[in-house]
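Colleague: This one is protein_32.txt, compact mmCIF, C-alpha atoms.
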```
# COMPACT_ATOMS: atom_id res chain seq x y z
CA MET A 15 98.65 106.56 115.41
CA GLU A 16 101.81 108.70 115.48
CA LYS A 17 100.71 111.93 117.18
CA SER A 18 102.35 115.31 117.03
CA ARG A 19 103.80 116.73 120.22
CA SER A 20 103.66 120.24 118.85
CA LYS A 21 101.02 122.90 118.32
CA PHE A 22 102.62 123.76 114.97
CA PRO A 23 101.51 122.40 111.57
CA LYS A 24 102.87 118.91 110.89
CA VAL A 25 105.13 118.27 107.91
CA VAL A 26 105.56 114.59 107.06
CA VAL A 27 108.59 113.88 104.84
CA ILE A 28 108.70 110.49 103.11
CA GLY A 29 112.32 109.65 102.33
CA GLY A 30 115.72 110.43 103.83
CA GLY A 31 117.59 111.11 100.60
CA PHE A 32 119.27 114.34 99.50
CA GLY A 33 116.01 116.26 99.07
CA GLY A 34 114.34 115.10 102.26
CA ILE A 35 117.40 115.88 104.37
CA GLU A 36 117.83 119.40 102.97
CA LEU A 37 114.15 120.15 103.49
CA ALA A 38 114.16 118.98 107.11
CA LYS A 39 117.45 120.74 107.94
CA HIS A 40 116.17 124.06 106.60
CA LEU A 41 113.03 123.80 108.75
CA LYS A 42 115.12 123.86 111.93
CA ASP A 43 113.73 126.35 114.48
CA LYS A 44 110.80 127.13 112.17
CA PRO A 45 107.13 127.03 113.32
CA LEU A 46 106.62 123.55 111.87
CA ASP A 47 106.72 120.04 113.34
CA VAL A 48 108.77 117.70 111.09
CA LEU A 49 108.37 113.92 110.95
CA MET A 50 110.59 111.97 108.56
CA LEU A 51 109.83 108.40 107.50
CA ASP A 52 112.22 106.02 105.75
CA LYS A 53 112.53 102.24 105.52
CA HIS A 54 116.20 102.57 106.53
CA ASN A 55 117.65 104.51 109.46
CA TYR A 56 120.51 105.89 107.36
CA HIS A 57 121.17 108.21 104.45
CA THR A 58 123.00 106.73 101.45
CA PHE A 59 125.48 108.76 99.41
CA GLN A 60 124.43 107.16 96.14
CA PRO A 61 127.15 108.63 93.87
CA LEU A 62 129.69 106.30 95.50
CA LEU A 63 127.57 103.14 95.52
CA TYR A 64 129.56 101.75 92.62
CA GLN A 65 132.71 101.78 94.78
CA VAL A 66 130.95 99.69 97.41
CA ALA A 67 129.82 97.30 94.67
CA THR A 68 133.38 96.86 93.38
CA GLY A 69 135.03 96.55 96.78
CA GLY A 70 136.71 99.95 96.85
CA LEU A 71 134.77 101.18 99.88
CA GLU A 72 132.84 99.60 102.72
CA ALA A 73 129.13 100.38 103.04
CA ASP A 74 129.47 102.41 106.24
CA SER A 75 131.80 104.79 104.40
CA ILE A 76 128.89 106.18 102.39
CA ALA A 77 126.06 105.80 104.92
CA PHE A 78 125.22 107.98 107.90
CA PRO A 79 122.50 107.60 110.58
CA LEU A 80 119.59 109.93 109.87
CA ARG A 81 119.01 110.71 113.54
CA LYS A 82 122.62 111.91 113.89
CA ILE A 83 122.15 114.38 111.04
CA PHE A 84 119.39 116.11 113.01
CA ASP A 85 120.94 115.83 116.46
CA GLY A 86 119.71 118.80 118.47
CA GLN A 87 116.91 119.78 116.07
CA LYS A 88 113.99 119.96 118.51
CA ASN A 89 111.22 120.10 115.90
CA PHE A 90 112.38 116.92 114.13
CA ARG A 91 111.44 113.27 114.67
CA PHE A 92 112.30 110.14 112.69
CA ARG A 93 110.60 106.78 112.37
CA ILE A 94 111.54 103.66 110.42
CA ALA A 95 108.47 102.90 108.34
CA GLU A 96 107.23 102.14 104.85
CA VAL A 97 104.34 104.18 103.50
CA THR A 98 101.72 102.03 101.78
CA LYS A 99 99.01 104.54 100.85
CA ILE A 100 98.20 108.25 100.85
CA HIS A 101 94.71 109.58 101.63
CA PRO A 102 94.66 113.17 100.30
CA ILE A 103 91.10 113.94 101.46
CA LYS A 104 91.64 112.65 105.00
CA GLN A 105 95.16 114.09 105.05
CA THR A 106 96.60 110.86 106.42
CA ILE A 107 99.00 108.17 105.24
CA ASP A 108 98.96 104.43 105.92
CA THR A 109 102.32 103.08 107.09
CA THR A 110 103.77 99.92 108.58
CA ILE A 111 103.66 101.65 111.99
CA GLY A 112 100.06 102.83 111.68
CA GLU A 113 98.09 105.75 110.30
CA ILE A 114 99.79 109.15 110.41
CA PRO A 115 98.04 112.52 109.87
CA TYR A 116 99.72 115.46 108.15
CA ASP A 117 99.16 119.13 107.42
CA TYR A 118 101.79 119.13 104.67
CA LEU A 119 103.08 116.00 102.97
CA VAL A 120 106.40 115.88 101.10
CA ILE A 121 107.13 112.87 98.88
CA ALA A 122 110.89 112.44 98.51
CA THR A 123 110.97 108.73 97.72
CA GLY A 124 113.56 108.97 94.93
CA SER A 125 113.86 106.51 92.08
CA THR A 126 114.41 102.82 91.47
CA THR A 127 115.74 100.77 88.57
CA ASN A 128 113.64 100.74 85.41
CA PHE A 129 113.74 97.44 83.49
CA PHE A 130 111.22 98.69 80.92
CA GLY A 131 108.88 95.75 81.45
CA ASN A 132 111.47 93.03 80.75
CA LYS A 133 110.80 90.62 83.62
CA ARG A 134 113.51 88.15 82.63
CA VAL A 135 116.16 90.87 82.66
CA GLU A 136 114.75 92.16 85.95
CA HIS A 137 115.08 88.73 87.55
CA PHE A 138 118.48 87.70 86.25
CA SER A 139 120.43 90.99 86.11
CA MET A 140 121.73 93.08 89.01
CA PRO A 141 120.53 96.62 89.81
CA MET A 142 122.44 99.06 92.00
CA LYS A 143 120.29 101.73 93.62
CA SER A 144 120.79 100.92 97.32
CA ILE A 145 123.43 99.65 99.72
CA PRO A 146 121.89 96.14 99.96
CA GLU A 147 121.90 95.94 96.15
CA ALA A 148 125.52 97.15 96.01
CA LEU A 149 126.55 94.51 98.55
CA ASN A 150 124.72 91.84 96.56
CA LEU A 151 126.56 92.99 93.45
CA ARG A 152 129.92 92.88 95.21
CA SER A 153 129.22 89.35 96.41
CA MET A 154 128.14 88.26 92.93
CA ILE A 155 131.31 89.65 91.31
CA LEU A 156 133.62 88.03 93.85
CA GLN A 157 131.70 84.73 93.93
CA ASN A 158 131.93 84.43 90.15
CA LEU A 159 135.67 85.11 90.23
CA GLU A 160 135.97 82.33 92.81
CA GLU A 161 133.88 80.03 90.60
CA ALA A 162 136.09 80.82 87.61
CA LEU A 163 139.05 79.38 89.55
CA LEU A 164 137.31 76.01 89.70
CA GLN A 165 136.67 75.69 85.95
CA PRO A 166 139.10 73.46 84.03
CA SER A 167 138.94 75.25 80.67
CA ARG A 168 138.80 78.75 79.21
CA GLU A 169 135.43 78.00 77.65
CA LEU A 170 133.91 77.07 81.00
CA ARG A 171 135.48 80.10 82.71
CA GLU A 172 134.13 82.52 80.11
CA PRO A 173 130.62 83.19 81.56
CA TYR A 174 132.12 83.85 85.01
CA LEU A 175 134.67 86.32 83.64
CA ASN A 176 132.46 88.25 81.20
CA PHE A 177 130.96 91.39 82.78
CA VAL A 178 128.21 93.26 80.92
CA ILE A 179 127.08 96.67 82.12
CA VAL A 180 123.91 97.90 80.44
CA GLY A 181 123.47 101.67 80.29
CA GLY A 182 126.06 104.26 79.31
CA GLY A 183 125.10 107.02 81.74
CA PRO A 184 127.36 108.13 84.61
CA THR A 185 126.60 105.03 86.68
CA GLY A 186 127.34 102.64 83.81
CA VAL A 187 130.52 104.45 82.83
CA GLU A 188 131.81 104.55 86.41
CA LEU A 189 130.98 100.89 87.02
CA SER A 190 132.63 99.82 83.77
CA GLY A 191 135.77 101.74 84.66
CA ALA A 192 135.86 100.33 88.20
CA ILE A 193 135.50 96.71 87.02
CA ALA A 194 138.12 97.30 84.33
CA GLU A 195 140.51 98.61 86.99
CA LEU A 196 139.78 95.54 89.11
CA ARG A 197 140.83 93.41 86.14
CA ASN A 198 143.88 95.50 85.25
CA HIS A 199 145.31 96.02 88.75
CA ILE A 200 143.73 93.57 91.20
CA LEU A 201 143.00 90.31 89.41
CA HIS A 202 146.61 89.14 89.13
CA LYS A 203 147.18 89.87 92.84
CA ASP A 204 144.07 88.28 94.32
CA TYR A 205 143.62 85.59 91.67
CA PRO A 206 147.07 84.80 90.18
CA GLU A 207 145.68 81.61 88.60
CA LEU A 208 143.43 83.66 86.34
CA ASN A 209 144.60 85.38 83.16
CA LYS A 210 143.34 88.95 82.99
CA ASP A 211 142.98 88.63 79.20
CA GLU A 212 140.15 86.16 79.84
CA MET A 213 138.15 88.74 81.81
CA GLN A 214 136.12 90.95 79.50
CA VAL A 215 134.13 94.08 80.38
CA TYR A 216 131.35 95.22 78.04
CA LEU A 217 129.41 98.50 78.22
CA VAL A 218 126.15 98.36 76.24
CA GLU A 219 124.36 101.62 75.39
CA GLY A 220 121.25 101.99 73.24
CA LEU A 221 122.04 105.58 72.24
CA PRO A 222 124.79 106.67 69.81
CA LYS A 223 127.22 107.63 72.60
CA VAL A 224 127.94 107.21 76.29
CA LEU A 225 127.24 110.06 78.73
CA GLN A 226 124.51 111.37 76.44
CA VAL A 227 123.59 114.13 78.92
CA MET A 228 127.10 115.60 78.90
CA SER A 229 128.99 117.57 76.24
CA PRO A 230 130.26 115.87 73.05
CA GLN A 231 133.83 116.39 74.30
CA ALA A 232 133.09 114.64 77.61
CA SER A 233 131.28 111.79 75.88
CA ALA A 234 134.07 111.20 73.36
CA LYS A 235 136.81 111.40 75.98
CA ALA A 236 135.00 109.05 78.37
CA GLU A 237 134.64 106.47 75.60
CA GLU A 238 138.32 106.89 74.73
CA PHE A 239 139.29 106.36 78.39
CA LEU A 240 137.15 103.24 78.63
CA LYS A 241 138.57 101.70 75.47
CA ASP A 242 142.13 102.44 76.64
CA MET A 243 141.29 100.50 79.82
CA GLY A 244 140.11 97.54 77.75
CA VAL A 245 136.35 98.04 77.99
CA LYS A 246 134.41 96.96 74.91
CA VAL A 247 131.96 99.84 74.31
CA LEU A 248 128.89 98.87 72.27
CA THR A 249 126.71 101.86 71.30
CA ASN A 250 123.44 101.97 69.34
CA VAL A 251 122.66 98.53 70.75
CA ASN A 252 119.71 97.50 72.93
CA VAL A 253 119.30 94.40 75.07
CA LYS A 254 116.73 91.92 73.83
CA ASP A 255 116.91 89.19 76.46
CA TYR A 256 118.94 87.71 79.30
CA ASP A 257 118.33 84.29 80.83
CA GLY A 258 121.06 84.29 83.49
CA LYS A 259 123.53 82.53 81.21
CA GLN A 260 123.51 84.44 77.94
CA ILE A 261 122.59 88.00 77.08
CA THR A 262 121.09 88.60 73.65
CA LEU A 263 121.44 92.01 71.99
CA ALA A 264 119.07 93.46 69.41
CA ASN A 265 121.76 93.27 66.73
CA GLY A 266 121.93 89.49 67.13
CA LYS A 267 125.15 89.39 69.16
CA THR A 268 125.17 87.10 72.19
CA ILE A 269 127.54 87.12 75.17
CA SER A 270 127.91 84.20 77.54
CA THR A 271 127.83 85.72 81.04
CA HIS A 272 126.64 85.30 84.61
CA ASN A 273 127.35 88.98 85.29
CA VAL A 274 124.86 91.50 83.88
CA ILE A 275 124.57 94.81 85.73
CA TRP A 276 121.58 96.96 84.78
CA SER A 277 121.95 100.75 84.90
CA ALA A 278 119.96 101.57 81.77
CA GLY A 279 117.20 103.62 83.35
CA VAL A 280 115.34 104.72 86.46
CA GLN A 281 111.74 105.36 87.39
CA GLY A 282 110.14 107.21 90.26
CA GLN A 283 108.93 105.38 93.35
CA VAL A 284 105.29 106.45 93.52
CA ILE A 285 103.06 105.61 96.48
CA GLU A 286 99.47 104.46 96.06
CA GLY A 287 97.05 107.33 96.52
CA VAL A 288 98.94 109.91 94.48
CA PRO A 289 96.45 111.30 91.90
CA LYS A 290 96.79 109.09 88.81
CA ASP A 291 96.56 112.02 86.39
CA SER A 292 99.68 113.51 88.00
CA ILE A 293 101.85 110.47 87.17
CA ILE A 294 103.71 110.96 83.91
CA ARG A 295 106.40 109.21 81.88
CA GLY A 296 109.12 107.58 83.93
CA ASN A 297 106.65 107.09 86.80
CA ARG A 298 107.35 110.63 87.98
CA ILE A 299 104.88 112.90 89.72
CA GLN A 300 104.00 116.11 87.92
CA THR A 301 104.16 119.28 89.99
CA ASP A 302 103.75 122.99 89.47
CA GLU A 303 106.57 125.50 89.85
CA PHE A 304 106.25 125.27 93.66
CA ASN A 305 106.78 121.48 93.72
CA ARG A 306 103.11 121.04 94.58
CA VAL A 307 101.60 117.83 93.18
CA LYS A 308 99.13 118.43 90.37
CA GLY A 309 95.55 118.29 91.66
CA THR A 310 96.41 118.72 95.35
CA GLU A 311 96.72 121.61 97.78
CA ASN A 312 99.14 120.40 100.44
CA ILE A 313 101.10 117.51 98.90
CA TYR A 314 104.55 118.26 97.51
CA THR A 315 107.24 116.17 95.88
CA ILE A 316 110.97 116.74 95.38
CA GLY A 317 113.96 114.90 93.98
CA ASP A 318 114.06 112.10 91.41
CA VAL A 319 110.37 111.28 91.72
CA ALA A 320 109.33 114.89 90.96
CA ALA A 321 108.76 116.40 87.53
CA VAL A 322 108.43 120.19 87.76
CA ILE A 323 106.60 120.80 84.49
CA THR A 324 106.62 124.44 83.35
CA GLY A 325 107.08 126.30 80.10
CA GLU A 326 110.82 126.44 80.74
CA THR A 327 111.06 122.79 81.83
CA PRO A 328 108.53 120.79 79.75
CA LYS A 329 110.24 117.50 80.67
CA GLY A 330 111.13 118.37 84.25
CA HIS A 331 114.63 118.41 85.70
CA PRO A 332 117.31 115.69 85.58
CA GLY A 333 117.28 113.13 88.37
CA VAL A 334 120.50 114.22 90.07
CA ALA A 335 121.38 115.12 93.64
CA PRO A 336 121.84 118.90 93.09
CA VAL A 337 118.22 119.17 91.87
CA ALA A 338 116.91 117.39 94.96
CA ILE A 339 119.07 119.49 97.28
CA GLN A 340 117.95 122.78 95.75
CA GLN A 341 114.30 121.69 95.73
CA GLY A 342 114.51 120.72 99.39
CA LYS A 343 115.91 124.12 100.35
CA GLN A 344 113.36 126.04 98.29
CA LEU A 345 110.38 124.02 99.53
CA ALA A 346 111.45 124.60 103.14
CA LYS A 347 111.32 128.35 102.49
CA ASN A 348 107.93 128.03 100.81
CA LEU A 349 106.40 126.02 103.67
CA VAL A 350 107.49 128.72 106.11
CA ARG A 351 105.96 131.32 103.77
CA LEU A 352 102.68 129.41 103.77
CA VAL A 353 102.60 129.32 107.56
CA ASN A 354 103.25 133.08 107.60
CA ASN A 355 100.55 133.68 104.96
CA GLU A 356 103.12 134.89 102.43
CA PRO A 357 103.20 134.03 98.71
CA MET A 358 105.41 131.13 97.67
CA GLN A 359 108.32 131.55 95.29
CA PRO A 360 108.75 129.29 92.23
CA PHE A 361 111.60 126.80 92.09
CA LYS A 362 114.46 127.71 89.76
CA TYR A 363 117.23 125.17 89.26
CA PHE A 364 120.78 126.46 89.02
CA ASP A 365 122.77 123.91 87.04
CA LYS A 366 126.36 123.96 88.29
CA GLY A 367 127.45 121.37 85.72
CA SER A 368 128.06 117.63 85.63
CA MET A 369 130.94 115.22 85.96
CA ALA A 370 131.80 111.54 85.83
CA THR A 371 134.88 109.51 86.67
CA VAL A 372 136.13 106.66 84.54
CA GLY A 373 139.06 105.48 86.60
CA ARG A 374 142.39 106.36 88.10
CA ASN A 375 143.44 109.84 86.81
CA LYS A 376 140.53 109.75 84.36
CA ALA A 377 137.37 111.85 84.62
CA VAL A 378 135.31 114.31 82.60
CA VAL A 379 133.86 117.59 83.88
CA ASP A 380 131.39 120.00 82.27
CA LEU A 381 131.06 123.34 84.08
CA HIS A 382 129.04 125.56 81.76
CA LYS A 383 131.66 127.08 79.43
CA PHE A 384 134.53 125.21 81.07
CA ARG A 385 135.03 121.63 79.99
CA PHE A 386 138.07 119.57 80.89
CA GLN A 387 139.08 115.93 81.08
CA GLY A 388 141.84 113.82 82.55
CA PHE A 389 143.84 114.18 85.76
CA PHE A 390 142.62 117.63 86.84
CA ALA A 391 139.03 116.58 86.14
CA TRP A 392 139.62 113.50 88.29
CA LEU A 393 140.91 115.64 91.16
CA THR A 394 137.88 117.91 90.78
CA TRP A 395 135.52 114.93 90.86
CA MET A 396 137.17 113.57 94.02
CA PHE A 397 137.10 116.94 95.79
CA VAL A 398 133.42 117.59 95.01
CA HIS A 399 132.33 114.13 96.13
CA LEU A 400 134.49 114.21 99.24
CA ILE A 401 133.10 117.51 100.53
CA SER A 402 129.56 116.37 99.68
CA LEU A 403 129.67 113.44 102.10
CA ILE A 404 127.51 113.98 105.16
CA SER A 405 129.89 113.52 108.08
CA PHE A 406 133.51 114.28 108.91
CA ARG A 407 134.07 110.58 109.65
CA ASN A 408 132.80 109.58 106.20
CA LYS A 409 135.09 112.17 104.60
CA VAL A 410 138.14 110.89 106.47
CA VAL A 411 137.42 107.20 105.85
CA VAL A 412 136.78 107.68 102.13
CA PHE A 413 139.83 109.93 101.72
CA ILE A 414 142.13 107.40 103.45
CA ASN A 415 140.71 104.60 101.29
CA TRP A 416 141.28 106.62 98.13
CA ILE A 417 144.86 107.49 99.10
CA GLY A 418 145.61 103.87 99.93
CA SER A 419 144.14 102.65 96.65
CA TYR A 420 146.02 105.26 94.64
CA PHE A 421 149.46 104.34 95.91
CA SER A 422 149.01 100.61 96.39
CA TYR A 423 146.75 99.76 93.42
CA ASN A 424 145.20 97.33 95.90
CA GLY A 425 142.95 99.28 98.24
CA GLY A 426 139.53 98.34 99.52
CA ALA A 427 138.24 95.19 101.17
CA ARG A 428 136.88 92.64 98.74
CA LEU A 429 134.88 90.68 101.30
CA ILE A 430 131.99 88.30 100.68
CA ILE A 431 130.15 89.19 103.86
CA ARG A 432 126.99 87.43 102.81
CA LYS A 433 126.72 85.02 99.92
CA PHE A 434 124.45 86.18 97.12
CA ILE A 435 122.02 83.48 96.00
CA ARG A 436 119.55 84.32 93.25
CA GLU A 437 116.15 82.70 93.61
CA GLU A 438 115.93 79.76 91.25
CA ILE A 439 113.07 79.52 88.75
CA VAL A 440 112.09 76.09 87.53
CA ASN A 441 110.03 77.43 84.62
CA ASP A 442 110.71 80.97 83.47
CA GLU A 443 107.98 81.06 80.83
CA HIS A 444 105.99 83.43 83.04
CA LEU A 445 108.86 85.93 82.80
CA PRO A 446 108.14 87.57 79.44
CA LYS A 447 110.92 88.74 77.16
CA ALA A 448 111.04 92.33 75.94
CA GLU A 449 108.98 92.96 72.84
CA ASP A 450 110.90 93.09 69.57
```
As a first step, turn the structure in this file into structure tokens.

Modeller:
Amino acid sequence: MEKSRSKFPKVVVIGGGFGGIELAKHLKDKPLDVLMLDKHNYHTFQPLLYQVATGGLEADSIAFPLRKIFDGQKNFRFRIAEVTKIHPIKQTIDTTIGEIPYDYLVIATGSTTNFFGNKRVEHFSMPMKSIPEALNLRSMILQNLEEALLQPSRELREPYLNFVIVGGGPTGVELSGAIAELRNHILHKDYPELNKDEMQVYLVEGLPKVLQVMSPQASAKAEEFLKDMGVKVLTNVNVKDYDGKQITLANGKTISTHNVIWSAGVQGQVIEGVPKDSIIRGNRIQTDEFNRVKGTENIYTIGDVAAVITGETPKGHPGVAPVAIQQGKQLAKNLVRLVNNEPMQPFKYFDKGSMATVGRNKAVVDLHKFRFQGFFAWLTWMFVHLISLISFRNKVVVFINWIGSYFSYNGGARLIIRKFIREEIVNDEHLPKAED
């Protein structure tokens, strides 16, 4: 059993994402003993995962060791572990390194890809929510380009050169733009035998427009940018099935492809033992205005997995990094208040706006009353993401990569470090299709 070395109350934080890090940092020098658990020993800057997946950045550019973040914080410890069950009455958790007691438990496990029950799509398509998944995606893209070189006819090359991105949110839009730029600027350099006109990029969105959460101006401009780059944008269309060779859309259209990237939805990563009546739509955990899990006294949740349900926020907050960061800061203050026998303060989210990049010199930004698109929006997007990276080294490496890519049109390292091999299924009848 992992024992506390401190006389202070023990706060166990599950997850080293944006929320967990902010919480732990703001408990520095406070009368609390902090233990963070994560299955990886690094923090991932998820907004730039798509650039790792498309070869624009290396993985270590957007990752940073968790222990280094808290260097010198005496009341902080970290362990690599996976949490398998929570015992609210005992105030303990079961983990892969043993049972761990807590005085306060904070669930900051984030979200994972939501395939909406379609097991065939889940097996054959590619998600992108972690660095290992982004590296798998990069390998798949490059391997299929290599395979296309070996095919003797356009018809046989087609499934290797068709790329279908499902989901028109920020991730889908940014991925579509990045793959389109790979086709427009890189393909003829790395693969001169291939004709870029044979490589097609499709963006499939079930709603009437891309970037549904942003302003109508941002949505329309993003779609315009994508189409100018050669992306085929299909809106009001859902995916019916995908068998690894052909994707079938609800409107009857089929696309022959070995490259389907799924970014159509997310769901919270909930641990066994969380009260079942607190789990709501999207597999999120319902909390009160203090981020306290419904039906508990000393279990809290922040970030993508949390749904702060109040009169003002009946559906909770969006699953974005600024929400997690602000929740982490506020919960740290409230835990100190609890220790000092002071009343907690409710969480209030301050929405600073949203943004998405489509490609070189192309981005859209919504900042309350100020909305702008194009080159200045692209510079704004780059600046915000650059300063948000954890370490100075990450900032420098990413900045140099971006400068090199901008002037050379050929930046990044498109390396197949490890070959991606999807597990073969002899009989896929046990993988049900989505219901009509």

Colleague: Given only C-alpha atoms as the basis, pick out the residue of A:Ile313, A:Ile83, A:Ala38, A:Ala162 nearest to A:Tyr205.

Modeller: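 Smallest separation from A:Tyr205 among the options: A:Ala162.
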
Colleague: Within 12 Å of (115.7, 119.6, 114.7) (coordinates as in the file), grab all the protein and nucleic acid residues, counting all atoms listed in the file, and write them out as a ChimeraX atom specification.

Modeller: /A:35-50,80-92

Colleague: So how far away is atom CA of A:Asp257 from atom CA of A:Thr271, in Å?

Modeller: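 Taking atom CA of A:Thr271 and atom CA of A:Asp257, their separation equals 9.6 Å.
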
Colleague: Report the distance between atom CA of A:Gln165 and atom CA of A:Gly70 in Å, rounded to one decimal place.

Modeller: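 One can read the atom CA of A:Gln165 to atom CA of A:Gly70 distance as 26.6 Å.
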
Colleague: What's the separation between atom CA of A:Leu400 and atom CA of A:Lys143, in Å to one decimal place?

Modeller: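 Rounded to one decimal, the two atoms are 19.7 Å apart.
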
Colleague: Which one is closest to A:Lys24: A:Gly282, A:Pro115, A:Gly69, A:Pro61? Count all atoms listed in the file.

Modeller: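 That would be A:Pro115, the residue with the smallest distance to A:Lys24.
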
Colleague: Let me make sure I understand: among A:Leu159, A:Met369, A:Ala377, A:Leu221, which one has the smallest atom-to-atom distance to A:Phe390 if we use all atoms listed in the file?

Modeller: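 Smallest separation from A:Phe390 among the options: A:Ala377.
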
Colleague: Name the residues within 10 Å of (119.7, 111.4, 93.0), counting only C-alpha atoms in the file's coordinates, and put them as a PyMOL selection string.

Modeller: chain A and resi 31-33+59-61+124-125+143+317-319+332-339

Colleague: Could you turn the residues from that selection into a file that holds C-alpha atoms, as a short mmCIF file (atom, residue, chain, number, x, y, z; two decimals), keeping the file's coordinate frame?

Modeller:
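Written output follows (part.cif):
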```cif
data_model
loop_
_atom_site.label_atom_id
_atom_site.label_comp_id
_atom_site.auth_asym_id
_atom_site.auth_seq_id
_atom_site.Cartn_x
_atom_site.Cartn_y
_atom_site.Cartn_z
CA GLY A 31 117.59 111.11 100.60
CA PHE A 32 119.27 114.34 99.50
CA GLY A 33 116.01 116.26 99.07
CA PHE A 59 125.48 108.76 99.41
CA GLN A 60 124.43 107.16 96.14
CA PRO A 61 127.15 108.63 93.87
CA GLY A 124 113.56 108.97 94.93
CA SER A 125 113.86 106.51 92.08
CA LYS A 143 120.29 101.73 93.62
CA GLY A 317 113.96 114.90 93.98
CA ASP A 318 114.06 112.10 91.41
CA VAL A 319 110.37 111.28 91.72
CA PRO A 332 117.31 115.69 85.58
CA GLY A 333 117.28 113.13 88.37
CA VAL A 334 120.50 114.22 90.07
CA ALA A 335 121.38 115.12 93.64
CA PRO A 336 121.84 118.90 93.09
CA VAL A 337 118.22 119.17 91.87
CA ALA A 338 116.91 117.39 94.96
CA ILE A 339 119.07 119.49 97.28
#
```

Colleague: Could you tell me which of A:Tyr256, A:Phe130, A:Trp276, A:Trp392 comes closest to A:Val218 if we count all atoms listed in the file?

Modeller: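 Checking each of A:Tyr256, A:Phe130, A:Trp276, A:Trp392 against A:Val218, counting all atoms listed in the file, the winner is A:Trp276.
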
Colleague: Would you please work out which residue, of A:Lys203, A:Thr301, A:Ile261, A:Thr310, is nearest to A:Gln105 when using only C-alpha atoms?

Modeller: A:Thr310

Colleague: Looking at all atoms listed in the file, which of A:Leu63, A:Lys104, A:Val120, A:Ile76 is the one that sits closest to A:Ser402?

Modeller: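 That would be A:Ile76, the residue with the smallest distance to A:Ser402.
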
Colleague: Near A:Gln387, counting all atoms listed in the file, which residues have an atom at most 10 Å away, once you skip same-chain residues fewer than 6 positions from it, shown as a PyMOL selection string?

Modeller: chain A and resi 231-232+235-236+239+369-371+375-380+394

Colleague: Fewer than 3 positions away in the same chain doesn't count, so skip those; otherwise give me all residues within 10 Å of A:Ile435, counting all atoms listed in the file, as a list in words.

Modeller: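 My reading of the contact set: Asn150, Ser153, Met154, Gln157, Arg432 and Glu438 of chain A.
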
Colleague: Could you save those same residues with C-alpha atoms as an mmCIF file, keeping the file's coordinate frame?

Modeller:
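Contents of out.cif, as written:
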```
data_model
loop_
_atom_site.group_PDB
_atom_site.id
_atom_site.type_symbol
_atom_site.label_atom_id
_atom_site.label_comp_id
_atom_site.auth_asym_id
_atom_site.auth_seq_id
_atom_site.Cartn_x
_atom_site.Cartn_y
_atom_site.Cartn_z
ATOM 1 C CA ASN A 150 124.720 91.840 96.560
ATOM 2 C CA SER A 153 129.220 89.350 96.410
ATOM 3 C CA MET A 154 128.140 88.260 92.930
ATOM 4 C CA GLN A 157 131.700 84.730 93.930
ATOM 5 C CA ARG A 432 126.990 87.430 102.810
ATOM 6 C CA GLU A 438 115.930 79.760 91.250
#
```

Colleague: Need the shell around A:Gln300: protein/DNA/RNA residues with any atom at most 10 Å away, counting only C-alpha atoms. Skip same-chain ones fewer than 5 positions apart. Format as a compact mmCIF listing (two decimals) with C-alpha atoms, keeping the file's coordinate frame?

Modeller:
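Final output, part-v3.txt:
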```txt
# COMPACT_ATOMS: atom_id res chain seq x y z
CA PRO A 289 96.45 111.30 91.90
CA ASP A 291 96.56 112.02 86.39
CA SER A 292 99.68 113.51 88.00
CA ILE A 293 101.85 110.47 87.17
CA ILE A 294 103.71 110.96 83.91
CA ARG A 295 106.40 109.21 81.88
CA ASN A 305 106.78 121.48 93.72
CA ARG A 306 103.11 121.04 94.58
CA VAL A 307 101.60 117.83 93.18
CA LYS A 308 99.13 118.43 90.37
CA GLY A 309 95.55 118.29 91.66
CA TYR A 314 104.55 118.26 97.51
CA THR A 315 107.24 116.17 95.88
CA VAL A 319 110.37 111.28 91.72
CA ALA A 320 109.33 114.89 90.96
CA ALA A 321 108.76 116.40 87.53
CA VAL A 322 108.43 120.19 87.76
CA ILE A 323 106.60 120.80 84.49
CA THR A 324 106.62 124.44 83.35
CA LYS A 329 110.24 117.50 80.67
CA GLY A 330 111.13 118.37 84.25
```

Colleague: Could you give me the centre and size, in Å to one decimal, of an axis-aligned box around all listed atoms of stretch 142-146 of chain A with 6 Å added on every side, as JSON?

Modeller:
```
{"center_x": 121.9, "center_y": 98.9, "center_z": 96.0, "size_x": 15.1, "size_y": 17.6, "size_z": 20.0}
```

Colleague: Can you give me N, CA and C atoms for stretch 250-255 of chain A, written as a short mmCIF file (atom, residue, chain, number, x, y, z; two decimals), in the frame of the given file?

Modeller:
```
data_model
loop_
_atom_site.label_atom_id
_atom_site.label_comp_id
_atom_site.auth_asym_id
_atom_site.auth_seq_id
_atom_site.Cartn_x
_atom_site.Cartn_y
_atom_site.Cartn_z
N ASN A 250 124.54 102.23 70.27
CA ASN A 250 123.44 101.97 69.34
C ASN A 250 122.97 100.52 69.39
N VAL A 251 123.05 99.94 70.58
CA VAL A 251 122.66 98.53 70.75
C VAL A 251 121.77 98.40 71.98
N ASN A 252 120.62 97.75 71.81
CA ASN A 252 119.71 97.50 72.93
C ASN A 252 119.77 96.03 73.34
N VAL A 253 119.36 95.77 74.56
CA VAL A 253 119.30 94.40 75.07
C VAL A 253 117.95 93.80 74.73
N LYS A 254 117.97 92.62 74.18
CA LYS A 254 116.73 91.92 73.83
C LYS A 254 116.30 90.95 74.91
N ASP A 255 117.27 90.22 75.48
CA ASP A 255 116.91 89.19 76.46
C ASP A 255 118.14 88.80 77.27
#
```
